[in-house]
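Have a look at the structure below, then the notes.
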Amino acid sequence: MKTFTEVKPYANEPFTNFALEENKKAMQAAIAKVKTELGRHYPLTIGGEKIETEAKITSINPGNVDEVVGYVSKADQKLAEQAMQAALATFETWKKVPARERAEYLFKAAKLMRERKHEFSALMMLESGKNYVEADVDTAEAIDFLEFYGREMIRLSQVNETQPLTRIPGEDNNISYIPLGVGVIIPPWNFPLAICAGMTTAAVVSGNTVLLKPASTTPVIAHKFFALMEEVGLPAGVINFIPGSGAEVGDYLTTHPKTRFISFTGSKEVGLRINKLAADTAPGQIWIKRVIAEMGGKDGIVVDETADLEAAATAIVASAFGFQGQKCSAGSRAIIVESVYDQVAERVVELTKQLQVGPQEQNFAAGPVIDKTSYERILEYIEVGKQEGTLLVGGGKAEGNGYYIQPTVFGEAGGKARIMQEEIFGPVLALAKAKDWKEAIAMYNDTEFGLTGSYFSTDEDRIAEALETVHCGNLYINRKCTGALVGVHPFGGFNMSGTDSKAGGYDYLLLFTQAKLTSRKI
Ligand SMILES: NC(=O)c1ccc[n+]([C@@H]2O[C@H](COP(=O)([O-])OP(=O)(O)OC[C@H]3O[C@@H](n4cnc5c(N)ncnc54)[C@H](O)[C@@H]3O)[C@@H](O)[C@H]2O)c1
Ligand SMILES: N[C@@H](CCC=O)C(=O)O
């Protein structure tokens, strides 16, 4: 009989306090260590076989574009097919591994990741441009996902735990949750460890095998996560690591007849494409593919005249500029009741001016954006903003050997302005004026998205109405709209923000399983 780790009640991984010198030094040491490992080559892994390809993804440090983080082998359609065959074969054995044993791999990985926390964060920092706090939060969330989904699978595997069935005489009826098959996991770059680890391990712990195609800007940290799962002994072929072009490998696997599900987190455009392609039935396909798609947002903060205005301004700035506004939860709009608009706008500008821009490894508040494409797109939006609103602070490039942009705030933006409607995914905030709190909520709701939102008020009646009428997957009252915690704030959005598949929630694993009812005459 196997021995397993004792499973204690789930609790979130604490964040590191970098105000303490010893923690700061530990992170600096981790960065120095990771720097000695830059420029390495990373293979694909298919069914446990390491494959070096001639074509490579070159991952660079967005805060110092002369620094190569690593060279990662790149799958083409032939290798994607090989990976599919490996995953199909492994599914036949992996699906029979008891849930408790599957969960154990996640618990072991969580333990090792916790021990090497700063090493994971330091690599992520160099590859994605996160500063100390943002990287630390990402690693903590990855550990949370491992711990949480491990426990969730154990719970789900207890027959009739999730759906206690009505008993009738003469029959023994049971319901259990069995895996789906081979899934394609397509994470984004902006939570390159947490979301990558969460999406992958949720699928795997549920008994599926997967093809993991990481984002092309952050494949090295994805590889470090994959290597950790190998280190804890996850059988070969359960996760097949196949970095590659979204258009080439992604489309091939999305339309593949043996793909049973696609778990995607990323932009609206790519999510909709996957949804459309997956809806077609390929020759030989015997199921309807399941698509889990978590997409973008145009999140916002509503402030009424009864609110604690200092708290609101602080939350607006934190939500807009954390990780340079590159969170799907980023509060890129603030809608403020006109009687307090000037006061809030003034304070937001003051706080934004305090955000210093510089290299992430020196822990500046505002680091680089992810790559040249994003950099140019964001700068274009800033030019659009100059036509649509009043530039209050920022407004262009910032100094540095990387993709640095000044935290930028526009005032007096109209509700239909592009900077109020479109996801910019960068350090750009639009402030808009509403005549009263009802109009402010209506303006908040007037986008195609519905991911996160905050309402600042001290009026209980209005808060009660806001709780009902602000239409988004994650609604916060009197706090920022970023920073959901696993198990505490299950995360996912409405409308064009996705399928509201709540990551870090108690119904998430159901998305990776199918319920089987068995009825026996007794
Ligand atoms: N709702 C959420 O939980 C959530 C969380 C994080 C990020 N996001 C969103 O993600 C976006 C930023 O991430 P991104 O720039 O990596 O998004 P993206 O859509 O450009 O890419 C996401 C992933 O899809 C892959 N891809 C690209 N084309 C593909 C195709 N044709 N088929 C299959 N895969 C393909 C990419 O390589 C990447 O791995 C933002 O819109 C953000 O709001 C949403
Ligand atoms: N869950 C994160 C956002 C993930 C998307 O980028 C938050 O709540 O801030």
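Within each chain, counting starts at residue 1; across the structure tokens, chains are named A, B, ... in the order shown, with ligands numbered 1 upward in that order.
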message = Could you pull out the strand (DSSP E or B) residues of segment 197-413 of chain A, going by DSSP on the backbone, and write them as a ChimeraX atom specification?
response = /A:209-212,239-241,244,261-265,290-294,299-303,331-337,357,366,390-393,397,405,408-411
request  = Write out as a list in words each polymer residue whose atoms come within 10 Å of Ala227 of chain A, counting only C-alpha atoms; drop sequence neighbours fewer than 6 positions from it.
outcome  =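 My reading of the contact set: Thr45, Ile221, Gly233, Leu234 and Phe241 of chain A.
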ask   = So which residues are near ligand 1, meaning at most 8 Å away with only C-alpha atoms and all ligand atoms counted, given back as a PyMOL selection string?
value = chain A and resi 186-191+195+213-216+244-254+264-271+273-274+293-297+326-329+423+425+451+491-493+497-498+503
Export of prior selection with N, CA and C atoms as a tab-separated table (two decimals), in the first residue's frame:
chain	number	residue	atom	x	y	z
A	186	ILE	N	-3.64	25.62	-23.23
A	186	ILE	CA	-3.05	26.81	-23.88
A	186	ILE	C	-3.11	27.99	-22.91
A	187	PRO	N	-2.06	28.19	-22.13
A	187	PRO	CA	-2.07	29.30	-21.17
A	187	PRO	C	-1.54	30.60	-21.76
A	188	PRO	N	-1.76	31.73	-21.07
A	188	PRO	CA	-1.21	33.02	-21.51
A	188	PRO	C	0.16	33.25	-20.86
A	189	TRP	N	0.78	34.37	-21.21
A	189	TRP	CA	2.10	34.66	-20.65
A	189	TRP	C	2.02	35.48	-19.37
A	190	ASN	N	0.83	36.04	-19.05
A	190	ASN	CA	0.84	37.08	-18.02
A	190	ASN	C	0.85	36.54	-16.59
A	191	PHE	N	0.38	35.30	-16.40
A	191	PHE	CA	0.63	34.59	-15.13
A	191	PHE	C	1.33	33.31	-15.55
A	195	ILE	N	-1.00	30.40	-13.86
A	195	ILE	CA	-2.09	29.95	-14.75
A	195	ILE	C	-1.65	28.71	-15.52
A	213	LYS	N	0.92	23.57	-24.50
A	213	LYS	CA	1.57	24.51	-25.42
A	213	LYS	C	1.66	25.86	-24.71
A	214	PRO	N	2.85	26.16	-24.12
A	214	PRO	CA	2.94	27.40	-23.35
A	214	PRO	C	2.95	28.62	-24.26
A	215	ALA	N	2.77	29.79	-23.66
A	215	ALA	CA	2.84	31.03	-24.43
A	215	ALA	C	4.26	31.22	-24.94
A	216	SER	N	4.37	31.80	-26.12
A	216	SER	CA	5.69	31.86	-26.77
A	216	SER	C	6.64	32.87	-26.12
A	244	GLY	N	5.22	26.04	-29.25
A	244	GLY	CA	5.11	26.17	-30.71
A	244	GLY	C	4.25	27.35	-31.06
A	245	SER	N	4.11	27.57	-32.34
A	245	SER	CA	3.31	28.70	-32.81
A	245	SER	C	1.84	28.43	-32.55
A	246	GLY	N	1.17	29.43	-31.98
A	246	GLY	CA	-0.27	29.28	-31.72
A	246	GLY	C	-1.01	28.96	-33.00
A	247	ALA	N	-0.69	29.72	-34.05
A	247	ALA	CA	-1.43	29.55	-35.30
A	247	ALA	C	-1.20	28.14	-35.88
A	248	GLU	N	0.07	27.66	-35.83
A	248	GLU	CA	0.35	26.38	-36.49
A	248	GLU	C	-0.06	25.19	-35.61
A	249	VAL	N	0.57	25.10	-34.45
A	249	VAL	CA	0.31	23.96	-33.57
A	249	VAL	C	-1.08	24.07	-32.95
A	250	GLY	N	-1.44	25.32	-32.55
A	250	GLY	CA	-2.74	25.53	-31.90
A	250	GLY	C	-3.90	25.13	-32.79
A	251	ASP	N	-3.90	25.62	-34.01
A	251	ASP	CA	-5.00	25.30	-34.92
A	251	ASP	C	-5.03	23.80	-35.23
A	252	TYR	N	-3.85	23.20	-35.39
A	252	TYR	CA	-3.79	21.77	-35.71
A	252	TYR	C	-4.44	20.95	-34.60
A	253	LEU	N	-4.09	21.28	-33.36
A	253	LEU	CA	-4.62	20.49	-32.25
A	253	LEU	C	-6.08	20.82	-31.95
A	254	THR	N	-6.46	22.06	-32.17
A	254	THR	CA	-7.86	22.44	-31.93
A	254	THR	C	-8.79	21.66	-32.85
A	264	PHE	N	-8.22	26.93	-22.55
A	264	PHE	CA	-7.52	28.10	-23.08
A	264	PHE	C	-7.69	29.28	-22.14
A	265	THR	N	-6.63	30.03	-21.92
A	265	THR	CA	-6.74	31.34	-21.27
A	265	THR	C	-5.93	32.31	-22.11
A	266	GLY	N	-6.56	33.38	-22.54
A	266	GLY	CA	-5.86	34.34	-23.38
A	266	GLY	C	-6.82	35.38	-23.92
A	267	SER	N	-6.51	35.89	-25.08
A	267	SER	CA	-7.28	37.02	-25.61
A	267	SER	C	-8.64	36.57	-26.15
A	268	LYS	N	-9.53	37.53	-26.26
A	268	LYS	CA	-10.86	37.27	-26.82
A	268	LYS	C	-10.74	36.74	-28.25
A	269	GLU	N	-9.87	37.35	-29.03
A	269	GLU	CA	-9.76	37.00	-30.45
A	269	GLU	C	-9.36	35.52	-30.60
A	270	VAL	N	-8.34	35.11	-29.87
A	270	VAL	CA	-7.88	33.71	-30.00
A	270	VAL	C	-8.92	32.76	-29.38
A	271	GLY	N	-9.50	33.16	-28.26
A	271	GLY	CA	-10.52	32.32	-27.61
A	271	GLY	C	-11.70	32.05	-28.55
A	273	ARG	N	-11.66	32.20	-31.79
A	273	ARG	CA	-11.20	31.36	-32.91
A	273	ARG	C	-11.20	29.88	-32.50
A	274	ILE	N	-10.67	29.62	-31.31
A	274	ILE	CA	-10.63	28.23	-30.83
A	274	ILE	C	-12.05	27.69	-30.69
A	293	ALA	N	-12.77	28.51	-22.04
A	293	ALA	CA	-12.05	29.68	-22.58
A	293	ALA	C	-12.18	30.86	-21.63
A	294	GLU	N	-11.08	31.20	-21.02
A	294	GLU	CA	-11.07	32.40	-20.17
A	294	GLU	C	-10.35	33.49	-20.93
A	295	MET	N	-11.04	34.62	-21.13
A	295	MET	CA	-10.51	35.61	-22.08
A	295	MET	C	-10.30	36.98	-21.40
A	296	GLY	N	-10.32	38.02	-22.21
A	296	GLY	CA	-9.91	39.34	-21.72
A	296	GLY	C	-10.94	40.08	-20.89
A	297	GLY	N	-10.60	41.30	-20.54
A	297	GLY	CA	-11.52	42.11	-19.74
A	297	GLY	C	-11.34	43.59	-20.03
A	326	GLN	N	-1.01	44.54	-17.09
A	326	GLN	CA	-1.09	43.34	-17.94
A	326	GLN	C	-1.74	42.18	-17.18
A	327	LYS	N	-2.87	42.48	-16.54
A	327	LYS	CA	-3.65	41.42	-15.91
A	327	LYS	C	-5.02	41.47	-16.56
A	328	CYS	N	-5.63	40.30	-16.71
A	328	CYS	CA	-6.98	40.31	-17.27
A	328	CYS	C	-7.92	41.04	-16.33
A	329	SER	N	-7.53	41.11	-15.06
A	329	SER	CA	-8.34	41.77	-14.03
A	329	SER	C	-8.02	43.26	-13.89
A	423	GLU	N	-9.75	46.31	-24.56
A	423	GLU	CA	-8.70	45.89	-23.62
A	423	GLU	C	-7.35	46.34	-24.18
A	425	PHE	N	-4.37	46.23	-22.22
A	425	PHE	CA	-3.40	45.30	-21.62
A	425	PHE	C	-2.04	45.97	-21.48
A	451	LEU	N	-15.43	40.81	-16.63
A	451	LEU	CA	-14.54	39.98	-15.82
A	451	LEU	C	-14.49	40.45	-14.36
A	491	PHE	N	-12.21	32.47	-9.86
A	491	PHE	CA	-11.98	33.55	-10.82
A	491	PHE	C	-12.41	33.20	-12.24
A	492	GLY	N	-13.27	34.04	-12.84
A	492	GLY	CA	-13.67	33.84	-14.23
A	492	GLY	C	-14.78	34.81	-14.59
A	493	GLY	N	-14.91	35.10	-15.91
A	493	GLY	CA	-15.78	36.21	-16.29
A	493	GLY	C	-16.96	35.87	-17.16
A	497	SER	N	-15.68	37.86	-21.72
A	497	SER	CA	-14.54	37.52	-20.86
A	497	SER	C	-14.40	36.01	-20.70
A	498	GLY	N	-15.35	35.25	-21.24
A	498	GLY	CA	-15.11	33.81	-21.23
A	498	GLY	C	-16.26	32.98	-20.76
A	503	ALA	N	-11.63	29.38	-12.14
A	503	ALA	CA	-10.34	28.84	-11.71
A	503	ALA	C	-10.21	29.05	-10.21
request  = Measuring atom to atom with only C-alpha atoms, identify which of A:Asn240, A:Thr469, A:Asn23, A:Ser263 is nearest to Gly183 of chain A.
outcome  = A:Ser263
query = If you measure from atom CA of Tyr71 of chain A to atom CA of Ile370 of chain A, what distance in Å do you get, rounded to one decimal?
reply =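 Those two atoms sit 17.0 Å apart.
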ask   = For Val182 of chain A, which residue among A:Met84, A:Ala320, A:Ile301, A:Ala194 is the nearest when counting only C-alpha atoms?
value = A:Met84
